[in-house]
$ cat model_6.cif   # mmCIF, N, CA and C atoms
data_run
loop_
_atom_site.group_PDB
_atom_site.id
_atom_site.type_symbol
_atom_site.label_atom_id
_atom_site.label_comp_id
_atom_site.auth_asym_id
_atom_site.auth_seq_id
_atom_site.Cartn_x
_atom_site.Cartn_y
_atom_site.Cartn_z
ATOM 1 N N MET N 1 -149.150 -77.410 -22.620
ATOM 2 C CA MET N 1 -148.661 -76.082 -22.359
ATOM 3 C C MET N 1 -147.349 -76.124 -21.579
ATOM 4 N N ALA N 2 -147.224 -77.042 -20.644
ATOM 5 C CA ALA N 2 -145.981 -77.166 -19.880
ATOM 6 C C ALA N 2 -144.829 -77.560 -20.787
ATOM 7 N N GLU N 3 -145.093 -78.379 -21.782
ATOM 8 C CA GLU N 3 -144.039 -78.785 -22.715
ATOM 9 C C GLU N 3 -143.557 -77.608 -23.538
ATOM 10 N N ALA N 4 -144.466 -76.712 -23.924
ATOM 11 C CA ALA N 4 -144.078 -75.535 -24.696
ATOM 12 C C ALA N 4 -143.190 -74.623 -23.863
ATOM 13 N N HIS N 5 -143.517 -74.463 -22.594
ATOM 14 C CA HIS N 5 -142.691 -73.628 -21.719
ATOM 15 C C HIS N 5 -141.298 -74.216 -21.561
ATOM 16 N N THR N 6 -141.208 -75.531 -21.382
ATOM 17 C CA THR N 6 -139.911 -76.185 -21.236
ATOM 18 C C THR N 6 -139.082 -76.029 -22.500
ATOM 19 N N ALA N 7 -139.712 -76.145 -23.648
ATOM 20 C CA ALA N 7 -138.988 -76.009 -24.913
ATOM 21 C C ALA N 7 -138.444 -74.590 -25.080
ATOM 22 N N GLN N 8 -139.204 -73.592 -24.615
ATOM 23 C CA GLN N 8 -138.734 -72.217 -24.724
ATOM 24 C C GLN N 8 -137.629 -71.915 -23.723
ATOM 25 N N ALA N 9 -137.721 -72.479 -22.539
ATOM 26 C CA ALA N 9 -136.728 -72.202 -21.505
ATOM 27 C C ALA N 9 -135.390 -72.858 -21.816
ATOM 28 N N HIS N 10 -135.404 -73.999 -22.452
ATOM 29 C CA HIS N 10 -134.197 -74.756 -22.764
ATOM 30 C C HIS N 10 -134.228 -75.175 -24.226
ATOM 31 N N PRO N 11 -133.886 -74.258 -25.147
ATOM 32 C CA PRO N 11 -134.006 -74.568 -26.568
ATOM 33 C C PRO N 11 -132.907 -75.478 -27.120
ATOM 34 N N GLU N 12 -131.869 -75.779 -26.311
ATOM 35 C CA GLU N 12 -130.783 -76.604 -26.802
ATOM 36 C C GLU N 12 -131.266 -78.023 -27.064
ATOM 37 N N SER N 13 -130.675 -78.623 -28.050
ATOM 38 C CA SER N 13 -131.046 -79.991 -28.398
ATOM 39 C C SER N 13 -130.162 -80.985 -27.656
ATOM 40 N N THR N 14 -130.533 -82.239 -27.750
ATOM 41 C CA THR N 14 -129.738 -83.303 -27.145
ATOM 42 C C THR N 14 -128.349 -83.335 -27.772
ATOM 43 N N ARG N 15 -128.276 -83.046 -29.053
ATOM 44 C CA ARG N 15 -126.986 -83.024 -29.758
ATOM 45 C C ARG N 15 -126.030 -82.006 -29.126
ATOM 46 N N PHE N 16 -126.560 -80.860 -28.749
ATOM 47 C CA PHE N 16 -125.761 -79.817 -28.110
ATOM 48 C C PHE N 16 -125.119 -80.342 -26.830
ATOM 49 N N TYR N 17 -125.899 -81.052 -26.016
ATOM 50 C CA TYR N 17 -125.371 -81.574 -24.759
ATOM 51 C C TYR N 17 -124.348 -82.678 -24.998
ATOM 52 N N TRP N 18 -124.530 -83.461 -26.031
ATOM 53 C CA TRP N 18 -123.525 -84.475 -26.363
ATOM 54 C C TRP N 18 -122.214 -83.816 -26.784
ATOM 55 N N ILE N 19 -122.316 -82.721 -27.520
ATOM 56 C CA ILE N 19 -121.104 -81.994 -27.939
ATOM 57 C C ILE N 19 -120.390 -81.416 -26.721
ATOM 58 N N VAL N 20 -121.152 -80.798 -25.811
ATOM 59 C CA VAL N 20 -120.548 -80.257 -24.591
ATOM 60 C C VAL N 20 -119.909 -81.383 -23.773
ATOM 61 N N GLY N 21 -120.599 -82.511 -23.673
ATOM 62 C CA GLY N 21 -120.045 -83.664 -22.950
ATOM 63 C C GLY N 21 -118.762 -84.173 -23.593
ATOM 64 N N ALA N 22 -118.724 -84.186 -24.921
ATOM 65 C CA ALA N 22 -117.514 -84.630 -25.619
ATOM 66 C C ALA N 22 -116.362 -83.660 -25.376
ATOM 67 N N ILE N 23 -116.658 -82.368 -25.350
ATOM 68 C CA ILE N 23 -115.614 -81.382 -25.070
ATOM 69 C C ILE N 23 -115.081 -81.564 -23.655
ATOM 70 N N LEU N 24 -115.972 -81.818 -22.703
ATOM 71 C CA LEU N 24 -115.542 -82.061 -21.329
ATOM 72 C C LEU N 24 -114.688 -83.325 -21.237
ATOM 73 N N ALA N 25 -115.040 -84.351 -22.005
ATOM 74 C CA ALA N 25 -114.244 -85.582 -22.016
ATOM 75 C C ALA N 25 -112.856 -85.328 -22.595
ATOM 76 N N VAL N 26 -112.777 -84.519 -23.639
ATOM 77 C CA VAL N 26 -111.481 -84.188 -24.234
ATOM 78 C C VAL N 26 -110.621 -83.411 -23.237
ATOM 79 N N ILE N 27 -111.223 -82.474 -22.514
ATOM 80 C CA ILE N 27 -110.465 -81.729 -21.512
ATOM 81 C C ILE N 27 -109.962 -82.674 -20.427
ATOM 82 N N THR N 28 -110.773 -83.655 -20.042
ATOM 83 C CA THR N 28 -110.349 -84.627 -19.040
ATOM 84 C C THR N 28 -109.165 -85.442 -19.541
ATOM 85 N N VAL N 29 -109.197 -85.855 -20.796
ATOM 86 C CA VAL N 29 -108.070 -86.598 -21.381
ATOM 87 C C VAL N 29 -106.820 -85.729 -21.390
ATOM 88 N N VAL N 30 -106.974 -84.454 -21.728
ATOM 89 C CA VAL N 30 -105.834 -83.533 -21.725
ATOM 90 C C VAL N 30 -105.260 -83.415 -20.314
ATOM 91 N N GLU N 31 -106.122 -83.355 -19.305
ATOM 92 C CA GLU N 31 -105.636 -83.284 -17.926
ATOM 93 C C GLU N 31 -104.819 -84.516 -17.557
ATOM 94 N N VAL N 32 -105.286 -85.681 -17.958
ATOM 95 C CA VAL N 32 -104.554 -86.915 -17.646
ATOM 96 C C VAL N 32 -103.217 -86.940 -18.373
ATOM 97 N N VAL N 33 -103.208 -86.557 -19.644
ATOM 98 C CA VAL N 33 -101.974 -86.565 -20.430
ATOM 99 C C VAL N 33 -100.967 -85.568 -19.851
ATOM 100 N N VAL N 34 -101.451 -84.402 -19.431
ATOM 101 C CA VAL N 34 -100.562 -83.392 -18.865
ATOM 102 C C VAL N 34 -99.889 -83.914 -17.597
ATOM 103 N N THR N 35 -100.606 -84.679 -16.799
ATOM 104 C CA THR N 35 -100.000 -85.210 -15.574
ATOM 105 C C THR N 35 -98.954 -86.278 -15.866
ATOM 106 N N LEU N 36 -99.068 -86.937 -16.998
ATOM 107 C CA LEU N 36 -98.128 -87.998 -17.342
ATOM 108 C C LEU N 36 -96.876 -87.489 -18.041
ATOM 109 N N VAL N 37 -96.885 -86.244 -18.519
ATOM 110 C CA VAL N 37 -95.766 -85.707 -19.294
ATOM 111 C C VAL N 37 -94.548 -85.444 -18.422
ATOM 112 N N GLY N 38 -94.753 -85.050 -17.188
ATOM 113 C CA GLY N 38 -93.620 -84.781 -16.299
ATOM 114 C C GLY N 38 -93.220 -83.323 -16.283
ATOM 115 N N LEU N 39 -94.186 -82.434 -16.254
ATOM 116 C CA LEU N 39 -93.914 -80.999 -16.204
ATOM 117 C C LEU N 39 -93.509 -80.591 -14.790
ATOM 118 N N PRO N 40 -92.848 -79.444 -14.650
ATOM 119 C CA PRO N 40 -92.548 -78.934 -13.298
ATOM 120 C C PRO N 40 -93.842 -78.724 -12.510
ATOM 121 N N ASP N 41 -93.756 -78.871 -11.200
ATOM 122 C CA ASP N 41 -94.949 -78.849 -10.359
ATOM 123 C C ASP N 41 -95.774 -77.568 -10.504
ATOM 124 N N LEU N 42 -95.124 -76.423 -10.519
ATOM 125 C CA LEU N 42 -95.849 -75.160 -10.598
ATOM 126 C C LEU N 42 -96.586 -75.019 -11.932
ATOM 127 N N LEU N 43 -95.940 -75.401 -13.014
ATOM 128 C CA LEU N 43 -96.572 -75.348 -14.328
ATOM 129 C C LEU N 43 -97.729 -76.345 -14.407
ATOM 130 N N LEU N 44 -97.514 -77.532 -13.874
ATOM 131 C CA LEU N 44 -98.567 -78.549 -13.856
ATOM 132 C C LEU N 44 -99.775 -78.052 -13.065
ATOM 133 N N LEU N 45 -99.532 -77.441 -11.917
ATOM 134 C CA LEU N 45 -100.616 -76.905 -11.105
ATOM 135 C C LEU N 45 -101.386 -75.824 -11.855
ATOM 136 N N ALA N 46 -100.687 -74.935 -12.518
ATOM 137 C CA ALA N 46 -101.346 -73.850 -13.254
ATOM 138 C C ALA N 46 -102.209 -74.398 -14.388
ATOM 139 N N ILE N 47 -101.662 -75.348 -15.148
ATOM 140 C CA ILE N 47 -102.414 -75.927 -16.265
ATOM 141 C C ILE N 47 -103.656 -76.662 -15.768
ATOM 142 N N LEU N 48 -103.477 -77.482 -14.736
ATOM 143 C CA LEU N 48 -104.621 -78.238 -14.214
ATOM 144 C C LEU N 48 -105.665 -77.322 -13.594
ATOM 145 N N LEU N 49 -105.238 -76.241 -12.972
ATOM 146 C CA LEU N 49 -106.174 -75.295 -12.381
ATOM 147 C C LEU N 49 -107.008 -74.616 -13.463
ATOM 148 N N VAL N 50 -106.372 -74.191 -14.533
ATOM 149 C CA VAL N 50 -107.104 -73.549 -15.631
ATOM 150 C C VAL N 50 -108.075 -74.539 -16.279
ATOM 151 N N LEU N 51 -107.621 -75.752 -16.549
ATOM 152 C CA LEU N 51 -108.505 -76.742 -17.163
ATOM 153 C C LEU N 51 -109.676 -77.087 -16.250
ATOM 154 N N SER N 52 -109.441 -77.160 -14.967
ATOM 155 C CA SER N 52 -110.524 -77.463 -14.030
ATOM 156 C C SER N 52 -111.547 -76.337 -13.968
ATOM 157 N N VAL N 53 -111.085 -75.105 -13.998
ATOM 158 C CA VAL N 53 -112.009 -73.972 -13.995
ATOM 159 C C VAL N 53 -112.846 -73.966 -15.277
ATOM 160 N N VAL N 54 -112.232 -74.254 -16.408
ATOM 161 C CA VAL N 54 -112.971 -74.308 -17.668
ATOM 162 C C VAL N 54 -114.026 -75.403 -17.621
ATOM 163 N N LYS N 55 -113.657 -76.582 -17.129
ATOM 164 C CA LYS N 55 -114.620 -77.677 -17.034
ATOM 165 C C LYS N 55 -115.744 -77.342 -16.070
ATOM 166 N N GLY N 56 -115.409 -76.814 -14.921
ATOM 167 C CA GLY N 56 -116.440 -76.459 -13.948
ATOM 168 C C GLY N 56 -117.390 -75.399 -14.479
ATOM 169 N N ALA N 57 -116.847 -74.397 -15.137
ATOM 170 C CA ALA N 57 -117.694 -73.348 -15.707
ATOM 171 C C ALA N 57 -118.609 -73.911 -16.790
ATOM 172 N N ALA N 58 -118.100 -74.812 -17.604
ATOM 173 C CA ALA N 58 -118.931 -75.412 -18.650
ATOM 174 C C ALA N 58 -120.077 -76.218 -18.049
ATOM 175 N N VAL N 59 -119.781 -76.982 -17.021
ATOM 176 C CA VAL N 59 -120.836 -77.778 -16.381
ATOM 177 C C VAL N 59 -121.898 -76.861 -15.780
ATOM 178 N N VAL N 60 -121.466 -75.827 -15.089
ATOM 179 C CA VAL N 60 -122.418 -74.923 -14.450
ATOM 180 C C VAL N 60 -123.220 -74.147 -15.492
ATOM 181 N N MET N 61 -122.565 -73.644 -16.491
ATOM 182 C CA MET N 61 -123.258 -72.820 -17.483
ATOM 183 C C MET N 61 -124.222 -73.629 -18.357
ATOM 184 N N PHE N 62 -123.805 -74.807 -18.791
ATOM 185 C CA PHE N 62 -124.630 -75.545 -19.738
ATOM 186 C C PHE N 62 -125.540 -76.571 -19.083
ATOM 187 N N PHE N 63 -125.036 -77.378 -18.180
ATOM 188 C CA PHE N 63 -125.841 -78.442 -17.606
ATOM 189 C C PHE N 63 -126.705 -77.960 -16.446
ATOM 190 N N MET N 64 -126.264 -76.926 -15.746
ATOM 191 C CA MET N 64 -127.070 -76.389 -14.652
ATOM 192 C C MET N 64 -127.837 -75.139 -15.098
ATOM 193 N N HIS N 65 -127.720 -74.778 -16.368
ATOM 194 C CA HIS N 65 -128.477 -73.701 -17.011
ATOM 195 C C HIS N 65 -128.276 -72.344 -16.348
ATOM 196 N N LEU N 66 -127.093 -72.093 -15.828
ATOM 197 C CA LEU N 66 -126.811 -70.799 -15.228
ATOM 198 C C LEU N 66 -126.554 -69.738 -16.297
ATOM 199 N N ARG N 67 -126.283 -70.174 -17.493
ATOM 200 C CA ARG N 67 -125.965 -69.248 -18.574
ATOM 201 C C ARG N 67 -127.080 -68.236 -18.812
ATOM 202 N N GLY N 68 -128.326 -68.638 -18.648
ATOM 203 C CA GLY N 68 -129.442 -67.735 -18.893
ATOM 204 C C GLY N 68 -129.986 -67.073 -17.645
ATOM 205 N N ASP N 69 -129.394 -67.306 -16.495
ATOM 206 C CA ASP N 69 -129.893 -66.736 -15.245
ATOM 207 C C ASP N 69 -129.386 -65.310 -15.045
ATOM 208 N N ALA N 70 -129.840 -64.712 -13.970
ATOM 209 C CA ALA N 70 -129.471 -63.332 -13.648
ATOM 210 C C ALA N 70 -127.976 -63.229 -13.330
ATOM 211 N N ARG N 71 -127.452 -62.037 -13.505
ATOM 212 C CA ARG N 71 -126.013 -61.811 -13.274
ATOM 213 C C ARG N 71 -125.605 -62.051 -11.830
ATOM 214 N N VAL N 72 -126.515 -61.829 -10.900
ATOM 215 C CA VAL N 72 -126.175 -62.003 -9.494
ATOM 216 C C VAL N 72 -125.792 -63.458 -9.209
ATOM 217 N N PHE N 73 -126.438 -64.398 -9.869
ATOM 218 C CA PHE N 73 -126.103 -65.804 -9.668
ATOM 219 C C PHE N 73 -124.737 -66.131 -10.250
ATOM 220 N N LYS N 74 -124.427 -65.536 -11.379
ATOM 221 C CA LYS N 74 -123.100 -65.728 -11.965
ATOM 222 C C LYS N 74 -122.026 -65.127 -11.062
ATOM 223 N N LEU N 75 -122.322 -63.960 -10.488
ATOM 224 C CA LEU N 75 -121.383 -63.315 -9.569
ATOM 225 C C LEU N 75 -121.155 -64.179 -8.337
ATOM 226 N N LEU N 76 -122.223 -64.749 -7.799
ATOM 227 C CA LEU N 76 -122.086 -65.625 -6.644
ATOM 228 C C LEU N 76 -121.255 -66.853 -6.978
ATOM 229 N N LEU N 77 -121.432 -67.395 -8.168
ATOM 230 C CA LEU N 77 -120.644 -68.547 -8.594
ATOM 231 C C LEU N 77 -119.162 -68.188 -8.673
ATOM 232 N N VAL N 78 -118.866 -67.071 -9.312
ATOM 233 C CA VAL N 78 -117.468 -66.659 -9.475
ATOM 234 C C VAL N 78 -116.848 -66.338 -8.119
ATOM 235 N N ALA N 79 -117.594 -65.689 -7.239
ATOM 236 C CA ALA N 79 -117.062 -65.364 -5.912
ATOM 237 C C ALA N 79 -116.751 -66.641 -5.131
ATOM 238 N N GLY N 80 -117.655 -67.606 -5.176
ATOM 239 C CA GLY N 80 -117.407 -68.872 -4.492
ATOM 240 C C GLY N 80 -116.239 -69.630 -5.089
ATOM 241 N N LEU N 81 -116.132 -69.583 -6.399
ATOM 242 C CA LEU N 81 -115.024 -70.255 -7.080
ATOM 243 C C LEU N 81 -113.691 -69.632 -6.687
ATOM 244 N N LEU N 82 -113.641 -68.315 -6.666
ATOM 245 C CA LEU N 82 -112.395 -67.639 -6.282
ATOM 246 C C LEU N 82 -112.042 -67.899 -4.825
ATOM 247 N N LEU N 83 -113.030 -67.877 -3.955
ATOM 248 C CA LEU N 83 -112.780 -68.136 -2.544
ATOM 249 C C LEU N 83 -112.283 -69.566 -2.340
ATOM 250 N N GLY N 84 -112.953 -70.518 -2.958
ATOM 251 C CA GLY N 84 -112.545 -71.913 -2.820
ATOM 252 C C GLY N 84 -111.163 -72.171 -3.396
ATOM 253 N N THR N 85 -110.891 -71.613 -4.563
ATOM 254 C CA THR N 85 -109.592 -71.800 -5.204
ATOM 255 C C THR N 85 -108.476 -71.183 -4.363
ATOM 256 N N SER N 86 -108.717 -69.986 -3.837
ATOM 257 C CA SER N 86 -107.679 -69.352 -3.024
ATOM 258 C C SER N 86 -107.426 -70.140 -1.741
ATOM 259 N N MET N 87 -108.477 -70.716 -1.151
ATOM 260 C CA MET N 87 -108.282 -71.522 0.050
ATOM 261 C C MET N 87 -107.480 -72.786 -0.244
ATOM 262 N N VAL N 88 -107.788 -73.442 -1.358
ATOM 263 C CA VAL N 88 -107.047 -74.652 -1.727
ATOM 264 C C VAL N 88 -105.589 -74.316 -1.995
ATOM 265 N N LEU N 89 -105.335 -73.244 -2.729
ATOM 266 C CA LEU N 89 -103.948 -72.854 -3.017
ATOM 267 C C LEU N 89 -103.195 -72.469 -1.740
ATOM 268 N N ALA N 90 -103.875 -71.793 -0.810
ATOM 269 C CA ALA N 90 -103.229 -71.431 0.451
ATOM 270 C C ALA N 90 -102.873 -72.686 1.254
ATOM 271 N N MET N 91 -103.773 -73.640 1.306
ATOM 272 C CA MET N 91 -103.493 -74.878 2.046
ATOM 273 C C MET N 91 -102.363 -75.666 1.386
ATOM 274 N N MET N 92 -102.329 -75.664 0.060
ATOM 275 C CA MET N 92 -101.242 -76.350 -0.641
ATOM 276 C C MET N 92 -99.909 -75.674 -0.341
ATOM 277 N N ALA N 93 -99.906 -74.339 -0.313
ATOM 278 C CA ALA N 93 -98.667 -73.616 -0.019
ATOM 279 C C ALA N 93 -98.211 -73.871 1.411
ATOM 280 N N LEU N 94 -99.165 -73.890 2.335
ATOM 281 C CA LEU N 94 -98.803 -74.119 3.733
ATOM 282 C C LEU N 94 -98.264 -75.527 3.961
ATOM 283 N N ASN N 95 -98.752 -76.478 3.215
ATOM 284 C CA ASN N 95 -98.328 -77.870 3.403
ATOM 285 C C ASN N 95 -97.194 -78.300 2.480
ATOM 286 N N SER N 96 -96.698 -77.385 1.664
ATOM 287 C CA SER N 96 -95.645 -77.760 0.726
ATOM 288 C C SER N 96 -94.275 -77.834 1.390
ATOM 289 N N GLY N 97 -94.102 -77.188 2.544
ATOM 290 C CA GLY N 97 -92.815 -77.196 3.204
ATOM 291 C C GLY N 97 -91.931 -76.045 2.794
ATOM 292 N N HIS N 98 -92.300 -75.275 1.769
ATOM 293 C CA HIS N 98 -91.486 -74.151 1.312
ATOM 294 C C HIS N 98 -91.537 -72.975 2.285
ATOM 295 N N TYR N 99 -92.573 -72.919 3.092
ATOM 296 C CA TYR N 99 -92.747 -71.780 3.978
ATOM 297 C C TYR N 99 -92.498 -72.146 5.436
ATOM 298 N N GLY N 100 -92.081 -73.351 5.709
ATOM 299 C CA GLY N 100 -91.730 -73.744 7.050
ATOM 300 C C GLY N 100 -92.887 -73.944 7.993
ATOM 301 N N VAL N 101 -94.103 -73.942 7.506
ATOM 302 C CA VAL N 101 -95.256 -74.093 8.373
ATOM 303 C C VAL N 101 -95.502 -75.566 8.690
ATOM 304 N N ALA N 102 -95.391 -76.417 7.670
ATOM 305 C CA ALA N 102 -95.605 -77.846 7.850
ATOM 306 C C ALA N 102 -94.634 -78.599 6.941
ATOM 307 N N GLY N 103 -94.431 -79.839 7.255
ATOM 308 C CA GLY N 103 -93.627 -80.691 6.381
ATOM 309 C C GLY N 103 -92.186 -80.507 6.595
#
$ encode --input "model_6.cif" --output "structure tokens"
Amino acid sequence: MAEAHTAQAHPESTRFYWIVGAILAVITVVEVVVTLVGLPDLLLLAILLVLSVVKGAAVVMFFMHLRGDARVFKLLLVAGLLLGTSMVLAMMALNSGHYGVAG
């Protein structure tokens, strides 16, 4: 009976997870290639930030099974992601030397 419940709660097959893993690997390769191309810093930061958010969301939604959970958990995830991202960007701006705070 426990096996039937598990099968209903997580109907995805092993093949599905391999496909998601392969997509995550491709995104990782794209991130490495983008860093080697020599783009301007601001453009590079924007591209890497978007790719990282996509990868993080995929891991949380598929491997941590948040996709089928209540909306409140998704909201908490997005709120934490936005807070963390804004803090990292603020620290990067403060330490870049463009604003005279550090460096």
$ atom_distance --input "model_6.cif" --atom1 "CA of Tyr17 (chain N)" --atom2 "CA of Leu36 (chain N)"
29.0 Å
$ atom_distance --input "model_6.cif" --atom1 "atom C of Val32 (chain N)" --atom2 "atom N of Leu45 (chain N)"
12.1 Å
$ atom_distance --input "model_6.cif" --atom1 "CA of Val34 (chain N)" --atom2 "atom N of Ala46 (chain N)"
10.6 Å
$ axis_aligned_box --input "model_6.cif" --around "region 21-40 of chain N" --padding-each-side "6 Å" --output "lines of an AutoDock Vina configuration file"
center_x = -106.6
center_y = -83.4
center_z = -19.1
size_x = 40.1
size_y = 21.3
size_z = 25.1
$ select_by_dssp --input "model_6.cif" --residues "region 2-66 of chain N" --states "alpha helix (DSSP H)" --output "MDAnalysis selection string"
chainID N and resid 2:9 14:37 41:58
$ write_last_selection --input "model_6.cif" --atoms "N, CA and C atoms" --output "short mmCIF file (atom, residue, chain, number, x, y, z; two decimals), in the coordinates of the input"
data_model
loop_
_atom_site.label_atom_id
_atom_site.label_comp_id
_atom_site.auth_asym_id
_atom_site.auth_seq_id
_atom_site.Cartn_x
_atom_site.Cartn_y
_atom_site.Cartn_z
N ALA N 2 -147.22 -77.04 -20.64
CA ALA N 2 -145.98 -77.17 -19.88
C ALA N 2 -144.83 -77.56 -20.79
N GLU N 3 -145.09 -78.38 -21.78
CA GLU N 3 -144.04 -78.78 -22.72
C GLU N 3 -143.56 -77.61 -23.54
N ALA N 4 -144.47 -76.71 -23.92
CA ALA N 4 -144.08 -75.54 -24.70
C ALA N 4 -143.19 -74.62 -23.86
N HIS N 5 -143.52 -74.46 -22.59
CA HIS N 5 -142.69 -73.63 -21.72
C HIS N 5 -141.30 -74.22 -21.56
N THR N 6 -141.21 -75.53 -21.38
CA THR N 6 -139.91 -76.18 -21.24
C THR N 6 -139.08 -76.03 -22.50
N ALA N 7 -139.71 -76.14 -23.65
CA ALA N 7 -138.99 -76.01 -24.91
C ALA N 7 -138.44 -74.59 -25.08
N GLN N 8 -139.20 -73.59 -24.62
CA GLN N 8 -138.73 -72.22 -24.72
C GLN N 8 -137.63 -71.92 -23.72
N ALA N 9 -137.72 -72.48 -22.54
CA ALA N 9 -136.73 -72.20 -21.50
C ALA N 9 -135.39 -72.86 -21.82
N THR N 14 -130.53 -82.24 -27.75
CA THR N 14 -129.74 -83.30 -27.14
C THR N 14 -128.35 -83.34 -27.77
N ARG N 15 -128.28 -83.05 -29.05
CA ARG N 15 -126.99 -83.02 -29.76
C ARG N 15 -126.03 -82.01 -29.13
N PHE N 16 -126.56 -80.86 -28.75
CA PHE N 16 -125.76 -79.82 -28.11
C PHE N 16 -125.12 -80.34 -26.83
N TYR N 17 -125.90 -81.05 -26.02
CA TYR N 17 -125.37 -81.57 -24.76
C TYR N 17 -124.35 -82.68 -25.00
N TRP N 18 -124.53 -83.46 -26.03
CA TRP N 18 -123.52 -84.48 -26.36
C TRP N 18 -122.21 -83.82 -26.78
N ILE N 19 -122.32 -82.72 -27.52
CA ILE N 19 -121.10 -81.99 -27.94
C ILE N 19 -120.39 -81.42 -26.72
N VAL N 20 -121.15 -80.80 -25.81
CA VAL N 20 -120.55 -80.26 -24.59
C VAL N 20 -119.91 -81.38 -23.77
N GLY N 21 -120.60 -82.51 -23.67
CA GLY N 21 -120.04 -83.66 -22.95
C GLY N 21 -118.76 -84.17 -23.59
N ALA N 22 -118.72 -84.19 -24.92
CA ALA N 22 -117.51 -84.63 -25.62
C ALA N 22 -116.36 -83.66 -25.38
N ILE N 23 -116.66 -82.37 -25.35
CA ILE N 23 -115.61 -81.38 -25.07
C ILE N 23 -115.08 -81.56 -23.66
N LEU N 24 -115.97 -81.82 -22.70
CA LEU N 24 -115.54 -82.06 -21.33
C LEU N 24 -114.69 -83.32 -21.24
N ALA N 25 -115.04 -84.35 -22.00
CA ALA N 25 -114.24 -85.58 -22.02
C ALA N 25 -112.86 -85.33 -22.60
N VAL N 26 -112.78 -84.52 -23.64
CA VAL N 26 -111.48 -84.19 -24.23
C VAL N 26 -110.62 -83.41 -23.24
N ILE N 27 -111.22 -82.47 -22.51
CA ILE N 27 -110.46 -81.73 -21.51
C ILE N 27 -109.96 -82.67 -20.43
N THR N 28 -110.77 -83.66 -20.04
CA THR N 28 -110.35 -84.63 -19.04
C THR N 28 -109.16 -85.44 -19.54
N VAL N 29 -109.20 -85.86 -20.80
CA VAL N 29 -108.07 -86.60 -21.38
C VAL N 29 -106.82 -85.73 -21.39
N VAL N 30 -106.97 -84.45 -21.73
CA VAL N 30 -105.83 -83.53 -21.72
C VAL N 30 -105.26 -83.42 -20.31
N GLU N 31 -106.12 -83.36 -19.30
CA GLU N 31 -105.64 -83.28 -17.93
C GLU N 31 -104.82 -84.52 -17.56
N VAL N 32 -105.29 -85.68 -17.96
CA VAL N 32 -104.55 -86.92 -17.65
C VAL N 32 -103.22 -86.94 -18.37
N VAL N 33 -103.21 -86.56 -19.64
CA VAL N 33 -101.97 -86.56 -20.43
C VAL N 33 -100.97 -85.57 -19.85
N VAL N 34 -101.45 -84.40 -19.43
CA VAL N 34 -100.56 -83.39 -18.86
C VAL N 34 -99.89 -83.91 -17.60
N THR N 35 -100.61 -84.68 -16.80
CA THR N 35 -100.00 -85.21 -15.57
C THR N 35 -98.95 -86.28 -15.87
N LEU N 36 -99.07 -86.94 -17.00
CA LEU N 36 -98.13 -88.00 -17.34
C LEU N 36 -96.88 -87.49 -18.04
N VAL N 37 -96.88 -86.24 -18.52
CA VAL N 37 -95.77 -85.71 -19.29
C VAL N 37 -94.55 -85.44 -18.42
N ASP N 41 -93.76 -78.87 -11.20
CA ASP N 41 -94.95 -78.85 -10.36
C ASP N 41 -95.77 -77.57 -10.50
N LEU N 42 -95.12 -76.42 -10.52
CA LEU N 42 -95.85 -75.16 -10.60
C LEU N 42 -96.59 -75.02 -11.93
N LEU N 43 -95.94 -75.40 -13.01
CA LEU N 43 -96.57 -75.35 -14.33
C LEU N 43 -97.73 -76.34 -14.41
N LEU N 44 -97.51 -77.53 -13.87
CA LEU N 44 -98.57 -78.55 -13.86
C LEU N 44 -99.78 -78.05 -13.06
N LEU N 45 -99.53 -77.44 -11.92
CA LEU N 45 -100.62 -76.90 -11.10
C LEU N 45 -101.39 -75.82 -11.86
N ALA N 46 -100.69 -74.94 -12.52
CA ALA N 46 -101.35 -73.85 -13.25
C ALA N 46 -102.21 -74.40 -14.39
N ILE N 47 -101.66 -75.35 -15.15
CA ILE N 47 -102.41 -75.93 -16.26
C ILE N 47 -103.66 -76.66 -15.77
N LEU N 48 -103.48 -77.48 -14.74
CA LEU N 48 -104.62 -78.24 -14.21
C LEU N 48 -105.66 -77.32 -13.59
N LEU N 49 -105.24 -76.24 -12.97
CA LEU N 49 -106.17 -75.30 -12.38
C LEU N 49 -107.01 -74.62 -13.46
N VAL N 50 -106.37 -74.19 -14.53
CA VAL N 50 -107.10 -73.55 -15.63
C VAL N 50 -108.08 -74.54 -16.28
N LEU N 51 -107.62 -75.75 -16.55
CA LEU N 51 -108.50 -76.74 -17.16
C LEU N 51 -109.68 -77.09 -16.25
N SER N 52 -109.44 -77.16 -14.97
CA SER N 52 -110.52 -77.46 -14.03
C SER N 52 -111.55 -76.34 -13.97
N VAL N 53 -111.08 -75.10 -14.00
CA VAL N 53 -112.01 -73.97 -14.00
C VAL N 53 -112.85 -73.97 -15.28
N VAL N 54 -112.23 -74.25 -16.41
CA VAL N 54 -112.97 -74.31 -17.67
C VAL N 54 -114.03 -75.40 -17.62
N LYS N 55 -113.66 -76.58 -17.13
CA LYS N 55 -114.62 -77.68 -17.03
C LYS N 55 -115.74 -77.34 -16.07
N GLY N 56 -115.41 -76.81 -14.92
CA GLY N 56 -116.44 -76.46 -13.95
C GLY N 56 -117.39 -75.40 -14.48
N ALA N 57 -116.85 -74.40 -15.14
CA ALA N 57 -117.69 -73.35 -15.71
C ALA N 57 -118.61 -73.91 -16.79
N ALA N 58 -118.10 -74.81 -17.60
CA ALA N 58 -118.93 -75.41 -18.65
C ALA N 58 -120.08 -76.22 -18.05
#
$ resolve_selection --input "model_6.cif" --expression "the PyMOL selection byres (((chain N and resi 62-74 and name CA) around 10) and name CA)" --output "list in words"
Ala9, His10, Glu12, Phe16, Tyr17, Val20, Gly21, Ala57, Ala58, Val59, Val60, Met61, Leu75, Leu76, Leu77, Val78, Ala79 and Gly80 of chain N
$ closest_residue --input "model_6.cif" --among "N:Leu49, N:Val26, N:Trp18, N:Lys55" --to "Gly84 (chain N)" --atoms "only C-alpha atoms"
N:Leu49
